[in-house]
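> The structure file entry_13.cif (mmCIF, C-alpha atoms) is provided below.
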```cif
data_coords
loop_
_atom_site.group_PDB
_atom_site.id
_atom_site.type_symbol
_atom_site.label_atom_id
_atom_site.label_comp_id
_atom_site.auth_asym_id
_atom_site.auth_seq_id
_atom_site.Cartn_x
_atom_site.Cartn_y
_atom_site.Cartn_z
ATOM 1 C CA MET A 1 -9.190 -51.869 100.593
ATOM 2 C CA MET A 2 -10.520 -54.899 98.706
ATOM 3 C CA ALA A 3 -14.102 -53.747 99.299
ATOM 4 C CA ARG A 4 -13.212 -50.322 97.895
ATOM 5 C CA LEU A 5 -11.626 -51.809 94.802
ATOM 6 C CA ILE A 6 -14.531 -54.207 94.289
ATOM 7 C CA LEU A 7 -17.109 -51.451 94.260
ATOM 8 C CA PHE A 8 -14.961 -49.120 92.192
ATOM 9 C CA THR A 9 -14.419 -51.901 89.676
ATOM 10 C CA LEU A 10 -18.122 -52.617 89.527
ATOM 11 C CA VAL A 11 -18.854 -49.167 88.373
ATOM 12 C CA PHE A 12 -16.447 -49.247 85.463
ATOM 13 C CA VAL A 13 -18.004 -50.528 82.333
ATOM 14 C CA SER A 14 -20.948 -51.073 79.532
ATOM 15 C CA GLY A 15 -21.804 -53.517 76.215
ATOM 16 C CA CYS A 16 -23.384 -53.600 72.074
ATOM 17 C CA VAL A 17 -23.946 -55.411 68.695
ATOM 18 C CA SER A 18 -21.781 -58.478 68.174
ATOM 19 C CA TYR A 19 -18.871 -58.394 65.814
ATOM 20 C CA THR A 20 -15.472 -59.834 65.259
ATOM 21 C CA SER A 21 -12.898 -57.238 66.180
ATOM 22 C CA GLN A 22 -10.845 -56.219 63.158
ATOM 23 C CA LYS A 23 -8.411 -53.411 62.728
ATOM 24 C CA THR A 24 -9.527 -51.224 59.847
ATOM 25 C CA LEU A 25 -8.070 -48.437 57.816
ATOM 26 C CA PRO A 26 -9.334 -44.906 58.466
ATOM 27 C CA PRO A 27 -12.320 -43.781 56.385
ATOM 28 C CA GLU A 28 -11.680 -42.124 53.026
ATOM 29 C CA SER A 29 -10.120 -38.738 53.518
ATOM 30 C CA GLY A 30 -13.205 -37.019 52.110
ATOM 31 C CA GLU A 31 -15.526 -38.736 54.579
ATOM 32 C CA LEU A 32 -16.444 -36.450 57.448
ATOM 33 C CA TYR A 33 -16.513 -37.928 60.904
ATOM 34 C CA SER A 34 -19.960 -38.194 62.454
ATOM 35 C CA SER A 35 -20.390 -40.395 65.473
ATOM 36 C CA PRO A 36 -23.520 -42.517 65.834
ATOM 37 C CA ARG A 37 -22.117 -43.559 69.185
ATOM 38 C CA THR A 38 -23.812 -40.716 71.015
ATOM 39 C CA ASP A 39 -27.106 -42.321 69.966
ATOM 40 C CA LEU A 40 -26.052 -45.809 70.989
ATOM 41 C CA LYS A 41 -28.578 -46.877 73.618
ATOM 42 C CA GLN A 42 -28.043 -50.648 73.956
ATOM 43 C CA TRP A 43 -24.804 -52.589 73.986
ATOM 44 C CA ARG A 44 -22.698 -55.058 75.925
ATOM 45 C CA ILE A 45 -18.959 -55.359 76.416
ATOM 46 C CA ALA A 46 -16.573 -57.916 77.839
ATOM 47 C CA ALA A 47 -13.314 -56.418 79.053
ATOM 48 C CA LYS A 48 -10.257 -56.677 81.269
ATOM 49 C CA LEU A 49 -9.896 -53.943 83.859
ATOM 50 C CA SER A 50 -6.914 -52.902 85.944
ATOM 51 C CA ILE A 51 -7.006 -50.144 88.554
ATOM 52 C CA LYS A 52 -4.142 -48.472 90.395
ATOM 53 C CA THR A 53 -4.492 -46.338 93.501
ATOM 54 C CA SER A 54 -1.916 -44.869 95.857
ATOM 55 C CA ASP A 55 -2.320 -47.815 98.238
ATOM 56 C CA GLY A 56 -3.095 -50.788 96.012
ATOM 57 C CA GLY A 57 -4.622 -52.074 92.818
ATOM 58 C CA PHE A 58 -7.052 -54.475 91.224
ATOM 59 C CA ALA A 59 -7.146 -56.604 88.083
ATOM 60 C CA GLY A 60 -10.251 -58.417 86.920
ATOM 61 C CA ARG A 61 -12.850 -58.926 84.214
ATOM 62 C CA ILE A 62 -16.014 -56.951 83.536
ATOM 63 C CA ASP A 63 -19.167 -57.701 81.609
ATOM 64 C CA TRP A 64 -21.276 -54.530 81.239
ATOM 65 C CA THR A 65 -24.738 -54.548 79.673
ATOM 66 C CA GLN A 66 -26.388 -51.217 78.854
ATOM 67 C CA LYS A 67 -30.092 -50.978 77.902
ATOM 68 C CA GLU A 68 -31.248 -47.396 77.494
ATOM 69 C CA SER A 69 -30.500 -45.794 80.904
ATOM 70 C CA SER A 70 -30.297 -49.116 82.790
ATOM 71 C CA TYR A 71 -27.135 -51.151 83.262
ATOM 72 C CA ARG A 72 -25.900 -54.400 84.735
ATOM 73 C CA ILE A 73 -22.226 -54.796 85.591
ATOM 74 C CA LEU A 74 -20.667 -58.133 86.505
ATOM 75 C CA ILE A 75 -17.144 -58.055 87.911
ATOM 76 C CA SER A 76 -14.939 -61.018 88.654
ATOM 77 C CA GLY A 77 -11.435 -60.935 90.031
ATOM 78 C CA PRO A 78 -8.619 -63.221 91.142
ATOM 79 C CA LEU A 79 -9.187 -66.570 92.827
ATOM 80 C CA GLY A 80 -11.272 -66.079 95.965
ATOM 81 C CA PHE A 81 -12.727 -62.769 94.780
ATOM 82 C CA GLY A 82 -15.986 -64.264 93.548
ATOM 83 C CA GLN A 83 -18.369 -62.165 91.490
ATOM 84 C CA VAL A 84 -20.009 -58.817 92.162
ATOM 85 C CA LYS A 85 -23.121 -57.544 90.401
ATOM 86 C CA ILE A 86 -24.240 -53.928 90.176
ATOM 87 C CA GLU A 87 -27.588 -53.052 88.603
ATOM 88 C CA GLY A 88 -29.094 -49.619 88.269
ATOM 89 C CA ASN A 89 -29.883 -46.541 86.232
ATOM 90 C CA HIS A 90 -29.016 -42.845 86.442
ATOM 91 C CA HIS A 91 -31.162 -42.511 89.602
ATOM 92 C CA SER A 92 -30.373 -45.526 91.793
ATOM 93 C CA ALA A 93 -28.363 -48.723 91.939
ATOM 94 C CA SER A 94 -27.887 -51.880 93.950
ATOM 95 C CA MET A 95 -24.788 -53.966 94.503
ATOM 96 C CA ARG A 96 -24.787 -57.649 95.366
ATOM 97 C CA LYS A 97 -21.818 -59.694 96.528
ATOM 98 C CA ASP A 98 -22.404 -63.040 98.176
ATOM 99 C CA ASP A 99 -25.333 -62.427 100.572
ATOM 100 C CA GLN A 100 -24.843 -58.691 100.948
ATOM 101 C CA VAL A 101 -26.915 -56.113 99.050
ATOM 102 C CA LEU A 102 -26.427 -52.328 99.131
ATOM 103 C CA PHE A 103 -28.834 -49.728 97.665
ATOM 104 C CA GLY A 104 -28.539 -46.058 96.734
ATOM 105 C CA SER A 105 -27.712 -43.680 93.922
ATOM 106 C CA PRO A 106 -24.779 -44.878 91.799
ATOM 107 C CA GLU A 107 -22.526 -42.102 93.086
ATOM 108 C CA MET A 108 -23.604 -42.515 96.727
ATOM 109 C CA LEU A 109 -23.049 -46.269 96.602
ATOM 110 C CA MET A 110 -19.540 -45.692 95.363
ATOM 111 C CA LEU A 111 -18.798 -42.885 97.775
ATOM 112 C CA ASN A 112 -20.189 -44.680 100.839
ATOM 113 C CA ALA A 113 -18.420 -47.940 100.061
ATOM 114 C CA THR A 114 -15.090 -46.644 98.786
ATOM 115 C CA SER A 115 -14.753 -43.002 99.858
ATOM 116 C CA ILE A 116 -14.055 -42.298 96.183
ATOM 117 C CA SER A 117 -16.366 -40.125 94.102
ATOM 118 C CA ILE A 118 -16.759 -41.544 90.597
ATOM 119 C CA PRO A 119 -19.023 -40.027 87.904
ATOM 120 C CA ILE A 120 -20.676 -43.355 87.131
ATOM 121 C CA ASN A 121 -23.239 -41.934 84.745
ATOM 122 C CA ASN A 122 -20.399 -40.511 82.627
ATOM 123 C CA LEU A 123 -18.816 -43.918 82.181
ATOM 124 C CA ARG A 124 -21.415 -45.272 79.759
ATOM 125 C CA TRP A 125 -20.427 -42.490 77.352
ATOM 126 C CA TRP A 126 -16.700 -42.645 78.013
ATOM 127 C CA LEU A 127 -16.710 -46.324 77.112
ATOM 128 C CA LEU A 128 -17.921 -45.324 73.657
ATOM 129 C CA GLY A 129 -15.064 -42.841 73.326
ATOM 130 C CA VAL A 130 -17.192 -39.705 73.639
ATOM 131 C CA PRO A 131 -17.704 -37.125 76.402
ATOM 132 C CA SER A 132 -20.787 -37.510 78.552
ATOM 133 C CA PRO A 133 -23.583 -35.136 77.542
ATOM 134 C CA LYS A 134 -24.540 -35.071 81.225
ATOM 135 C CA GLY A 135 -21.042 -34.136 82.396
ATOM 136 C CA GLY A 136 -19.173 -30.853 82.434
ATOM 137 C CA PRO A 137 -17.386 -29.286 79.460
ATOM 138 C CA ALA A 138 -14.879 -31.565 77.721
ATOM 139 C CA ASN A 139 -11.446 -30.346 76.646
ATOM 140 C CA PHE A 140 -10.102 -32.175 73.599
ATOM 141 C CA SER A 141 -6.357 -32.578 73.439
ATOM 142 C CA ASP A 142 -5.668 -34.814 70.441
ATOM 143 C CA GLU A 143 -7.319 -36.439 67.435
ATOM 144 C CA ASN A 144 -6.173 -39.135 65.062
ATOM 145 C CA GLU A 145 -6.114 -38.830 61.277
ATOM 146 C CA ASP A 146 -9.779 -39.698 60.746
ATOM 147 C CA ASN A 147 -10.912 -37.265 63.454
ATOM 148 C CA HIS A 148 -11.887 -39.878 66.037
ATOM 149 C CA THR A 149 -11.154 -38.509 69.480
ATOM 150 C CA MET A 150 -7.958 -39.879 70.943
ATOM 151 C CA SER A 151 -8.063 -38.035 74.257
ATOM 152 C CA PHE A 152 -10.069 -35.526 76.252
ATOM 153 C CA SER A 153 -10.579 -34.411 79.832
ATOM 154 C CA GLN A 154 -13.924 -34.075 81.600
ATOM 155 C CA ASP A 155 -14.969 -33.610 85.210
ATOM 156 C CA GLY A 156 -11.427 -33.997 86.547
ATOM 157 C CA TRP A 157 -10.629 -37.113 84.494
ATOM 158 C CA TYR A 158 -8.145 -37.376 81.621
ATOM 159 C CA LEU A 159 -9.146 -40.137 79.180
ATOM 160 C CA SER A 160 -7.324 -41.568 76.180
ATOM 161 C CA PHE A 161 -8.657 -44.018 73.584
ATOM 162 C CA SER A 162 -6.890 -46.332 71.144
ATOM 163 C CA ASN A 163 -7.159 -49.675 69.316
ATOM 164 C CA TYR A 164 -10.248 -48.543 67.421
ATOM 165 C CA SER A 165 -12.032 -51.231 65.403
ATOM 166 C CA SER A 166 -14.833 -51.160 62.888
ATOM 167 C CA THR A 167 -18.096 -52.569 64.285
ATOM 168 C CA LEU A 168 -21.705 -52.664 63.138
ATOM 169 C CA LEU A 169 -22.168 -49.599 65.349
ATOM 170 C CA GLY A 170 -19.258 -47.604 63.992
ATOM 171 C CA TYR A 171 -15.630 -47.121 64.885
ATOM 172 C CA LEU A 172 -15.287 -47.952 68.603
ATOM 173 C CA PRO A 173 -12.279 -48.018 70.977
ATOM 174 C CA GLY A 174 -10.706 -51.223 72.221
ATOM 175 C CA LYS A 175 -8.465 -49.654 74.857
ATOM 176 C CA ILE A 176 -9.348 -46.887 77.303
ATOM 177 C CA ILE A 177 -7.073 -45.337 79.906
ATOM 178 C CA GLY A 178 -8.419 -42.939 82.524
ATOM 179 C CA GLN A 179 -6.696 -40.969 85.255
ATOM 180 C CA ASN A 180 -7.536 -38.400 87.898
ATOM 181 C CA ASP A 181 -5.564 -37.136 90.896
ATOM 182 C CA LYS A 182 -6.412 -40.229 92.995
ATOM 183 C CA LEU A 183 -6.335 -43.252 90.701
ATOM 184 C CA SER A 184 -5.919 -44.584 87.198
ATOM 185 C CA PHE A 185 -7.564 -47.375 85.236
ATOM 186 C CA LYS A 186 -6.974 -49.302 82.022
ATOM 187 C CA LEU A 187 -9.757 -51.085 80.185
ATOM 188 C CA ILE A 188 -9.104 -53.569 77.369
ATOM 189 C CA ILE A 189 -12.331 -54.419 75.541
ATOM 190 C CA SER A 190 -12.392 -57.834 73.888
ATOM 191 C CA LYS A 191 -15.977 -57.827 72.593
ATOM 192 C CA TRP A 192 -18.739 -55.413 71.644
ATOM 193 C CA ARG A 193 -22.100 -57.130 71.180
ATOM 194 C CA SER A 194 -25.851 -56.875 71.602
ATOM 195 C CA PRO A 195 -27.331 -57.027 75.133
ATOM 196 C CA GLU A 196 -29.110 -60.296 74.342
ATOM 197 C CA SER A 197 -25.988 -62.195 73.303
#
```
Would you write out, as structure tokens, the structure that this file holds?

Amino acid sequence: MMARLILFTLVFVSGCVSYTSQKTLPPESGELYSSPRTDLKQWRIAAKLSIKTSDGGFAGRIDWTQKESSYRILISGPLGFGQVKIEGNHHSASMRKDDQVLFGSPEMLMLNATSISIPINNLRWWLLGVPSPKGGPANFSDENEDNHTMSFSQDGWYLSFSNYSSTLLGYLPGKIIGQNDKLSFKLIISKWRSPES
């Protein structure tokens, strides 16, 4: 079970330009919402992640760095968990924990190690609060006053976003909750910054 949660956790996250998180008022009412986030190619986040499944759970920290289509995800957990590193792109990935290394496509790595199918390539977009352009159709269920998406469903996942803050990249979420018929996760982002920082 721990191995499943480790690998699942590894796949959940991504990072950006540095800023100090500040709550901001919505844009002027006449300002139309246009999201530069779909063009955001490089970023880094630090976050807390908790996962719940029918037979257990996990709580840890994630540092996700995204550069174009490549990513590096570092996951650390409770005492004794150590650190896990996943590196890859939309074609293949590798996972390293202690002296063990696994290779494969992102989805196959997750499926083989955890028996859970996760749309890893969608996550880099979901972290930004937008549907994945590579995923299936998204169904929007709610929007806040300034038209930033608060929730949508895509590829069997229901996702909700809150705690938006103004950053150098635009208005980005600080809290993301996702759920499908097998598990749920909560991600609390403490920092958006550049990949080099």
> With the file shown as input, list the residues that the PyMOL selection byres ((chain A and resi 59) around 8) selects, as a list in words.
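Going through the file, the PyMOL selection byres ((chain A and resi 59) around 8) ends up selecting Lys48, Leu49, Ser50, Ile51, Gly57, Phe58, Gly60, Arg61, Gly77 and Pro78 of chain A.
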> Given the file shown, enumerate the residues that the PyMOL selection byres ((chain A and resi 88-102) around 7) captures and present them as a list in words.
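Those residues are Ser69, Ser70, Tyr71, Arg72, Gln83, Val84, Lys85, Ile86, Glu87, Phe103, Gly104, Ser105, Pro106 and Asn121 of chain A.
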> Env of Ile177 (chain A): 6 Å cut, atoms = only C-alpha atoms, seq-sep filter 4 positions within chain, self excluded. Answer as a list in words.
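Once the adjacent positions are removed, what remains is Leu159, Ser160, Phe185 and Lys186 of chain A.
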> What is the CA of Glu196 (chain A) to CA of Lys134 (chain A) distance in Å?
26.5 Å
> Report, in Å to a single decimal, how far apart CA of Lys182 (chain A) and CA of Met108 (chain A) are.
17.7 Å
